[in-house]
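> Handing you a structure now.
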Amino acid sequence: MLSKEDNELITRVGPGTPMGRLMREYWIPALQTEDLDGPDSEPKRVRLLCEDLVAFRDSHGKVGLVAENCPHRGASLFFGRNEEAGLRCVYHGWKFDTTGACVDMPNEPPESNFKHKVKVTTYPCQERGGIVWAYMGPNDVDAQLPDLEWARVPDSHIYLSKCLQECNWVQALEGGLDSSHISFLHSKLDRSTIAAPRGSVLAEQFGGADQHPRFAVRETDYGFVYGARRNATNDQYYWRITQWLLPFYHIIPAEDGAVVTGNAWVPIDDEHCWVYRASWHPDRPLTEAEIRDYRYGGVMHEEVDPVTFRPRANMRNDYLVDRDVQRTESFSGIKGIQAQDMAMIETMGPICNRAREHLGTSDTAIISMRRRLLRLARELENGDVPHAAIHGEAYRVRSAALLLDRGIPFDEGARERLISPA
Amino acid sequence: MLSKEDNELITRVGPGTPMGRLMREYWIPALQTEDLDGPDSEPKRVRLLCEDLVAFRDSHGKVGLVAENCPHRGASLFFGRNEEAGLRCVYHGWKFDTTGACVDMPNEPPESNFKHKVKVTTYPCQERGGIVWAYMGPNDVDAQLPDLEWARVPDSHIYLSKCLQECNWVQALEGGLDSSHISFLHSKLDRSTIAAPRGSVLAEQFGGADQHPRFAVRETDYGFVYGARRNATNDQYYWRITQWLLPFYHIIPAEDGAVVTGNAWVPIDDEHCWVYRASWHPDRPLTEAEIRDYRYGGVMHEEVDPVTFRPRANMRNDYLVDRDVQRTESFSGIKGIQAQDMAMIETMGPICNRAREHLGTSDTAIISMRRRLLRLARELENGDVPHAAIHGEAYRVRSAALLLDRGIPFDEGARERLISPA
Amino acid sequence: MLSKEDNELITRVGPGTPMGRLMREYWIPALQTEDLDGPDSEPKRVRLLCEDLVAFRDSHGKVGLVAENCPHRGASLFFGRNEEAGLRCVYHGWKFDTTGACVDMPNEPPESNFKHKVKVTTYPCQERGGIVWAYMGPNDVDAQLPDLEWARVPDSHIYLSKCLQECNWVQALEGGLDSSHISFLHSKLDRSTIAAPRGSVLAEQFGGADQHPRFAVRETDYGFVYGARRNATNDQYYWRITQWLLPFYHIIPAEDGAVVTGNAWVPIDDEHCWVYRASWHPDRPLTEAEIRDYRYGGVMHEEVDPVTFRPRANMRNDYLVDRDVQRTESFSGIKGIQAQDMAMIETMGPICNRAREHLGTSDTAIISMRRRLLRLARELENGDVPHAAIHGEAYRVRSAALLLDRGIPFDEGARERLISPA
C-alpha cells in the first residue's frame, strides 16, 4: 500500500517531478536503431518521460534528439528537412544540428547575430545493442550507459521487440517483479507447470509441484537480486533468480545454456510505456527457428500493430479472453504470456491506485522496489546521484534458474552464474 | 431554476456525495437476471453510481456483485474464474465468495492467516421481476425491495428492455415527469392526439382537444402522484394520473385494462444512465403480438445496439431527424417516442445547467421532485432514512387514465384504481 | 514571447474574457448566406466565440441567431420547427422570433403572462458578401459592418470558401501575417520563386532572388499595413504590401489587375477556428476557369470534407507529407499552400505556448499585432471602444505588390493602390 502522495511521487515522471528527475539521471532507451534508417533519415516522433521529441540521424549518421517544437514559433520539427548535418524547420528554414545549435537562420538578415542566441533543447544519444539511448538529465559527463548483457552481445545473438502498454510504467514493472503469479496467470488449468522458456528442464520438473515458493530479496548497487525458492528434492531447492535493474529493467530467470529474456518498461508518459523485450543468448547466435518463433509464433514476443505497436489482444477486445478455454484448458483463458500480463496490469487503471491494495508476503520484491525508488528520488533531492547511473559496469549481471543445496543462500550458491562477463 | 450548488447536489451520485448517499439507501436495479446465465456464469462488468463492479452468479445460482479491482493489487476481476462458489482472480488465484470473503489465497504460504484479513467490497443482491437488485448502502437489514407492480407480476406478463441514455439521470427522470410535452413533442402535426399506448380510447377521444391541461401534485410516502386534467365532457374531466417513485421510477398513465409501461432511470455515473423500461399487464400474459411490437416494432421499446445498448437513433446522428417529416407530418420529425425524448433530454448537455432555466406552471411536477430529492438528501445527512427505502409496500401503486366527474379531486376519484394489490 | 498571462489573455475569447469582450465589439462572420436556404430554412448549429448557437432564416428571410439551449429547460433549438416567422422548440412548443422574444407558449394556460418574461439570447445579424454577420456585443447601435472590399463586390466577382483549422485563432492569424515563411515553406526546393497567385509577374521575377526581405509596419485605424521589401533593380524595390484588419482579417499582396485573396480567421472556440477565404476581383467577374481552379484545383482554396469542412490533408494524416517530394522537389514535401500553413500552425498545439518562443526581426508584424490586440483589450476594460468597430469605412483598403523607387516609403508610394473605393 502506498499513500496517495507516495503513489503520485513514484509514478509521475514529467519534467520537474522528483521521479522524473531520478529517471533523468540514467541513460534510457529512446527508440530502436532501426527506426532511423541511413544518414539523413526521416525524422521520427519520440515521446519520452512526457516530453515530445523528434529523432533524426544526421548526414554523418549521428543521432539527434530534439524538442519537437521549433524554438522560433513552435512549428513541429517532425516535418523538418534532414539535410547536410542538421534538421531544418520547413517553416522559416531555421536549421539545428545534433548539439541543438542553430547553424542557419536564413529568414533573418545576413548580418544578424540572432542565430547564436537560439538553441533547441536536445539530448545526447548513444547507440548500443539495437537501441538509441538518450540522457535527459543535467550531467552527461558522469552518467554511463548501463552494461546490460543484451545490449553488449553481437547483433546475431539477440532478438529485440517493442510493444505499447497503456498504463503507468511502475505497475508494468511490478508485473515483471511479481513472481508468484506465474503459477496461476500463466499456468495450465491443472497448474502442473509454470511458464518458462522452451526447454526449461527444471521448470518442467519442479515448477508446478510446489505452489508456495518462498522469496528472498538482496539489495544491490544496480537494484536488487531476488530468489524464489521451491522444494525440489530432499536435499535441494529449485531457485529462480531474477534481477531488477534501476530504473526499469528486469531479467527473466533462465536455466544454464538457455536463451535469456529481459524487459525494459520505458515511460512514454505517466499513462503509457514501451515494453522493450530482448531475447538473447550470451554465447551463440540465435537460430533461425528461435527467431521465427519470436517473430511469428507468439513465443515471448507478441504480435503488434506495425504502426502503433499496440498488441493485437488488448484492452479494447478484452485481450481476446476465451471463457471456454478458461473453463477447460488454461487458468486465464487468455492466449500468450504477454497478453495475460497486460490484462492484469492495464486493468488496474492508467495509474493504479495503491492506497487500496493488500500486499502479502509474495509481494516482497514489489515492496522493496518501491521503497528503493522512493528513497533514491528523495536522496536525489539532496544531491545524491544514484550509484548505478554513473557506474555502467554495475549492470553486468545475469539471471539464473538452478538447483542449490538446501542451506546455501541463493546469492552465494549462484554467485558465478549471476555474473555477466565484461 | 436551481443554483449551481443545488444542481451539483441533486445530480451527482458518486461515493460520498449527499445524493449518492441517498441513492444508496434504496435497493436499485443493477443488471438484468438474463445477463447472468446459469450457475458459474461469465462475470459481467457493471457500472453503477460511479462505481466499477463485476457481477457473477455462483455455483449455487446466487448473484455476487463485487468491486471490479481485486483488493490484492487491483487487477480486474472481470477476467476472474467463476468456479466452485466463488470468483477467483486469475492473477494470483485469490478467490472471493458472494459475501466478499476471501476463501482461498493460494499464493501465500499455507500457514498464512492473511486471507482472513482481506475482503473485496461487495453489495448484497436480490432477484425479482427479471432484475438483479443491489443494495449499496450502510444498512441492508432495514432496507427493502420496492414492491413495484412490474417486478411482482409473472414473467409471462412483462416485457423488459434496457437502453443507454447519455446524460445525467435527473434530466432523464424529469423527461418522464414532464406531462405537457406529450401534446407537442410526441404529437402529429395537427396535434389532434397525444401519445398514448395503442388502444387508449380516452387519449384518442380527449387527449388532443384540450391543449392546456392543468396539473396537480400530491406528495406521498413513495414520492408523489400527479394528475393532468383536460376538459372532456361538460360534466367530466379526462385525468391522466402518474407516479414518481423514489428515487427514479415513473409509471406512464394507462387506461383500465391496458398494458402499463413504466421506467427506471438508473445512474451509471453522473453523465450516463440506464433506462429500464417495463411493459406489463397486471392480470394477464402479454400476447405474442404485443411482444413482437415491443421487440421489433419500435412500440414503446427502442431498437438498441446489442452490445452497447445505445439506440440506433442517437446524438451522433441527430436522432435521425427528418426535416421533411417535421414539415409535413409530425411535430418533431423524429421517429419514435423514446428517440424524441432522448433528443430533448440529451441535448441539454451531459449535466443540464439548471441555473438558466425558466420554469412555468407546467413544470410543477419537476419542481416538486427536485425539492423532495434535495430535502431527503439533507435529511439523510441528519440521520433520517427515507421512508420508502425501508417500506417496500409503499410502492404498491398503479397509474391511471380515466374520466372523473368535475369537482372530485383526482386522488379521491381514482383511489381504487391507483392501488396495486399485494 | 508572451508571458503565460498575456498568452491566456490574447487567445481566449469565451464570454467574459477580455479578448472575448473585444471580439464582441466587432461584427463578425457567423456563417455563410448559402448555409441557410430559402425562408423557413432548416436550423443550423453555429459555434462562435465558445458559444453554442442556432441560426435560422425566418419566413420573411430574416436571419435569427439564438442560443442553442431553449430558455425553458435547455433542450436544443437545433431540432426546432422553423415556421411562421419564428423558431419553435419541439419539446413544449415555445416559439421565438429573430429578436429573441417568446411569441408563443402553448403549454401554459392561455391567461398566463409568462411568455412576456422569457427571452432567448439572440444576436443581431446582417448579410453582406455571402456572409451572415453577427454582432454579439453590448452596443449594436454604434457598431458597423466592416467595409471589406470582398464583402462589397458583386457575387459574380468573388469565390468564397470555408475550412476548419484545429487550433487557436491567434496562431492561425499569425500564420497569415508571417511574411518571411513564403520563401521557405511555400517554396520549390531551389527557392527560386515565392508563392504567389498565378500570373504574378513581379513575384516570379523578383520574389526568389532576394531571400532577405526587410519589413516595415505602419499602424492604422483598422489594424496595420505592412510592407516587405526585396531588392529588384538598381533603382527599385519590389514591395509586397499587406494589411491586418481588426480583429482577424488579412489580405494577401496582389499585383495590379490580379485577383485578390484574403482570409478571416474566426474563433469557433479557443481551440478551433474557421478560415473564410475570399478570392475576388475588384472590377470584373471571375472567369469560369478561375472558379474551377478554386473549387477543384486546389488553387488558393483547399479540398475539404463537405460535412466537417476539415481539409483532406490534416493533422491526422501528417498533412500527407511526402518525404520523397521533400527530398527532391519542394521545400516542405506537403502539397498546397493551405496544407503547408496548417501543418505549421496546428502542430504548435491547440493553443501555442508563446513563453518558449524566440522572435526575430522577421516577426515584426506578429509582434505588432499582439501588442495592438492586448492594448485594445485593456483599453476596452476602461471603456474605450476600438475605432474600427464603429467605423466600417476604415476597412476600405486593398493590398498591393509593386515596384517602387528606392527612397520612397511604401505607404506613400502605394497610397492610391491601397485604397478600395467606397
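Each chain of the C-alpha cells is named A, B, ... in the order shown, its residues numbered from 1; ligands are numbered from 1 in display order.
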I need the strand (DSSP E or B) residues of segment 206-276 of chain A per DSSP on the backbone, written as a ChimeraX atom specification.

/A:214-219,223-231,236-245,249-251,255,260-269,272-276

> Find the residues of chain B in contact range of chain A, meaning any atom within 7 Å when counting only C-alpha atoms, and list them as a list in words.

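The selection requested is Asn69, Pro71, His72, Arg73, Gly74, Ala75, Ser76, Val90, Tyr91, His92, Gly93, Asn107, Glu108 and Pro109 of chain B.
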
> From a DSSP calculation on the backbone, collect every residue of segment 119-352 of chain B in helix (DSSP H, G or I) and output the set as a VMD selection string.

chain B and resid 149 to 151 155 to 157 169 to 177 180 to 183 201 to 206 288 to 296 315 to 320 323 to 328 337 to 346

> Show which residues sit within 8 Å of His301 of chain A, as a PyMOL selection string. Count only C-alpha atoms, and ignore same-chain residues fewer than 5 positions away.

chain A and resi 161+277+294-295+338

> Just want the 10 Å neighbourhood of Asp35 of chain A, counted on only C-alpha atoms, with same-chain residues fewer than 5 positions away dropped. Output as a PyMOL selection string.

chain A and resi 41-44+55-57+130-132

> Can those selected residues be exported to a file as an mmCIF file, in the first residue's frame so that it contains N, CA and C atoms?


```
data_model
loop_
_atom_site.group_PDB
_atom_site.id
_atom_site.type_symbol
_atom_site.label_atom_id
_atom_site.label_comp_id
_atom_site.auth_asym_id
_atom_site.auth_seq_id
_atom_site.Cartn_x
_atom_site.Cartn_y
_atom_site.Cartn_z
ATOM 1 N N SER A 41 18.123 10.453 -42.223
ATOM 2 C CA SER A 41 16.877 9.674 -42.114
ATOM 3 C C SER A 41 15.671 10.587 -42.081
ATOM 4 N N GLU A 42 14.496 9.981 -42.273
ATOM 5 C CA GLU A 42 13.266 10.710 -41.986
ATOM 6 C C GLU A 42 13.203 10.993 -40.488
ATOM 7 N N PRO A 43 12.782 12.185 -40.111
ATOM 8 C CA PRO A 43 12.618 12.458 -38.680
ATOM 9 C C PRO A 43 11.513 11.578 -38.095
ATOM 10 N N LYS A 44 11.622 11.297 -36.842
ATOM 11 C CA LYS A 44 10.665 10.395 -36.196
ATOM 12 C C LYS A 44 10.226 10.986 -34.861
ATOM 13 N N ALA A 55 13.449 12.598 -33.308
ATOM 14 C CA ALA A 55 14.771 11.990 -33.510
ATOM 15 C C ALA A 55 15.116 11.991 -34.992
ATOM 16 N N PHE A 56 16.388 12.154 -35.297
ATOM 17 C CA PHE A 56 16.838 12.047 -36.692
ATOM 18 C C PHE A 56 18.288 11.609 -36.687
ATOM 19 N N ARG A 57 18.702 11.067 -37.816
ATOM 20 C CA ARG A 57 20.101 10.668 -37.960
ATOM 21 C C ARG A 57 20.697 11.634 -38.970
ATOM 22 N N GLY A 130 21.238 -2.197 -30.564
ATOM 23 C CA GLY A 130 19.985 -2.019 -31.291
ATOM 24 C C GLY A 130 19.120 -0.915 -30.744
ATOM 25 N N ILE A 131 19.620 -0.226 -29.733
ATOM 26 C CA ILE A 131 18.848 0.826 -29.066
ATOM 27 C C ILE A 131 19.578 2.171 -29.205
ATOM 28 N N VAL A 132 18.799 3.221 -29.437
ATOM 29 C CA VAL A 132 19.312 4.574 -29.285
ATOM 30 C C VAL A 132 19.018 4.995 -27.849
#
```

> Residues near Ser399 of chain A, anyone? I mean within 6 Å using only C-alpha atoms, not counting same-chain ones fewer than 3 positions away, as a ChimeraX atom specification.

/A:241-242,251,253,418

> Need the shell around segment 265-273 of chain C: protein/DNA/RNA residues with any atom at most 6 Å away, counting only C-alpha atoms. Skip same-chain ones fewer than 3 positions apart. Format as JSON, numbers by chain?

{"C": [12, 47, 48, 49, 50, 165, 166, 167, 168, 169, 248, 350]}

> When you look at Leu374 of chain A with a cut-off of 12 Å (counting only C-alpha atoms), what residues show up, excluding the ones that are within fewer than 5 positions of it in the same chain? I need them as a PyMOL selection string.

chain A and resi 2+5-12+18-23+170+247+367-369+379-381+386

> Take the residues that were just selected and, keeping N, CA, C and O atoms, output them as a compact mmCIF listing (two decimals), in the first residue's frame.


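Writing done, so here's part_18.txt:
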```txt
# COMPACT_ATOMS: atom_id res chain seq x y z
N LEU A 2 0.48 2.19 -0.81
CA LEU A 2 1.18 3.47 -0.83
C LEU A 2 0.16 4.56 -0.54
O LEU A 2 -0.98 4.49 -0.99
N GLU A 5 0.08 10.36 -1.81
CA GLU A 5 1.23 11.21 -2.12
C GLU A 5 2.39 10.37 -2.67
O GLU A 5 2.99 10.73 -3.67
N ASP A 6 2.68 9.25 -2.00
CA ASP A 6 3.77 8.41 -2.48
C ASP A 6 3.45 7.81 -3.84
O ASP A 6 4.34 7.60 -4.67
N ASN A 7 2.18 7.51 -4.06
CA ASN A 7 1.80 6.95 -5.36
C ASN A 7 2.01 7.99 -6.46
O ASN A 7 2.49 7.65 -7.56
N GLU A 8 1.68 9.22 -6.19
CA GLU A 8 1.96 10.29 -7.16
C GLU A 8 3.46 10.39 -7.39
O GLU A 8 3.93 10.50 -8.51
N LEU A 9 4.19 10.37 -6.29
CA LEU A 9 5.64 10.57 -6.38
C LEU A 9 6.30 9.48 -7.21
O LEU A 9 7.15 9.74 -8.06
N ILE A 10 5.89 8.22 -6.97
CA ILE A 10 6.60 7.12 -7.63
C ILE A 10 6.21 6.98 -9.10
O ILE A 10 7.00 6.51 -9.92
N THR A 11 5.00 7.42 -9.45
CA THR A 11 4.52 7.14 -10.81
C THR A 11 4.82 8.24 -11.82
O THR A 11 4.98 7.96 -13.00
N ARG A 12 4.90 9.49 -11.38
CA ARG A 12 4.94 10.60 -12.34
C ARG A 12 6.37 10.99 -12.70
O ARG A 12 7.20 11.20 -11.83
N PRO A 18 9.89 14.70 -8.90
CA PRO A 18 11.02 14.01 -8.26
C PRO A 18 11.41 12.71 -8.99
O PRO A 18 12.58 12.45 -9.24
N MET A 19 10.40 11.91 -9.36
CA MET A 19 10.74 10.65 -10.03
C MET A 19 11.22 10.95 -11.45
O MET A 19 12.07 10.23 -11.99
N GLY A 20 10.70 12.01 -12.06
CA GLY A 20 11.18 12.42 -13.37
C GLY A 20 12.64 12.83 -13.30
O GLY A 20 13.43 12.52 -14.21
N ARG A 21 13.01 13.49 -12.22
CA ARG A 21 14.42 13.87 -12.08
C ARG A 21 15.30 12.64 -11.89
O ARG A 21 16.38 12.54 -12.47
N LEU A 22 14.81 11.70 -11.08
CA LEU A 22 15.60 10.47 -10.88
C LEU A 22 15.77 9.74 -12.21
O LEU A 22 16.88 9.33 -12.57
N MET A 23 14.68 9.60 -12.95
CA MET A 23 14.73 8.89 -14.24
C MET A 23 15.73 9.55 -15.19
O MET A 23 16.39 8.87 -15.98
N VAL A 170 5.22 1.99 -13.60
CA VAL A 170 5.52 1.30 -12.34
C VAL A 170 4.74 0.01 -12.25
O VAL A 170 5.28 -1.03 -11.89
N PRO A 247 16.47 1.95 -13.76
CA PRO A 247 15.23 2.16 -13.01
C PRO A 247 14.12 1.19 -13.39
O PRO A 247 13.18 1.05 -12.62
N ILE A 367 7.46 -4.52 -2.96
CA ILE A 367 7.61 -3.56 -1.85
C ILE A 367 9.03 -3.02 -1.82
O ILE A 367 9.26 -1.81 -1.67
N SER A 368 10.00 -3.90 -2.00
CA SER A 368 11.41 -3.46 -1.99
C SER A 368 11.69 -2.47 -3.11
O SER A 368 12.38 -1.47 -2.92
N MET A 369 11.18 -2.78 -4.30
CA MET A 369 11.41 -1.90 -5.44
C MET A 369 10.85 -0.51 -5.18
O MET A 369 11.51 0.50 -5.41
N GLU A 379 16.72 10.99 -2.04
CA GLU A 379 18.15 11.26 -1.90
C GLU A 379 18.64 12.20 -3.00
O GLU A 379 19.48 13.05 -2.77
N LEU A 380 18.08 12.02 -4.20
CA LEU A 380 18.50 12.88 -5.30
C LEU A 380 18.13 14.34 -5.01
O LEU A 380 18.88 15.26 -5.37
N GLU A 381 17.01 14.54 -4.36
CA GLU A 381 16.64 15.91 -3.98
C GLU A 381 17.73 16.53 -3.10
O GLU A 381 17.92 17.74 -3.09
N PRO A 386 22.26 8.55 -7.97
CA PRO A 386 22.25 7.10 -7.74
C PRO A 386 23.48 6.43 -8.36
O PRO A 386 23.88 6.73 -9.48
```

> What does the distance between atom CA of Cys70 of chain A and atom CA of Val103 of chain A come to in Å, to one decimal place?

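If I compute the distance from atom CA of Cys70 of chain A to atom CA of Val103 of chain A, I get 13.6 Å.
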
> Rounded to one decimal, what separation in Å do you get between atom CA of Val259 of chain B and atom CA of Ser279 of chain B?

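Between atom CA of Val259 of chain B and atom CA of Ser279 of chain B the gap is 6.5 Å.
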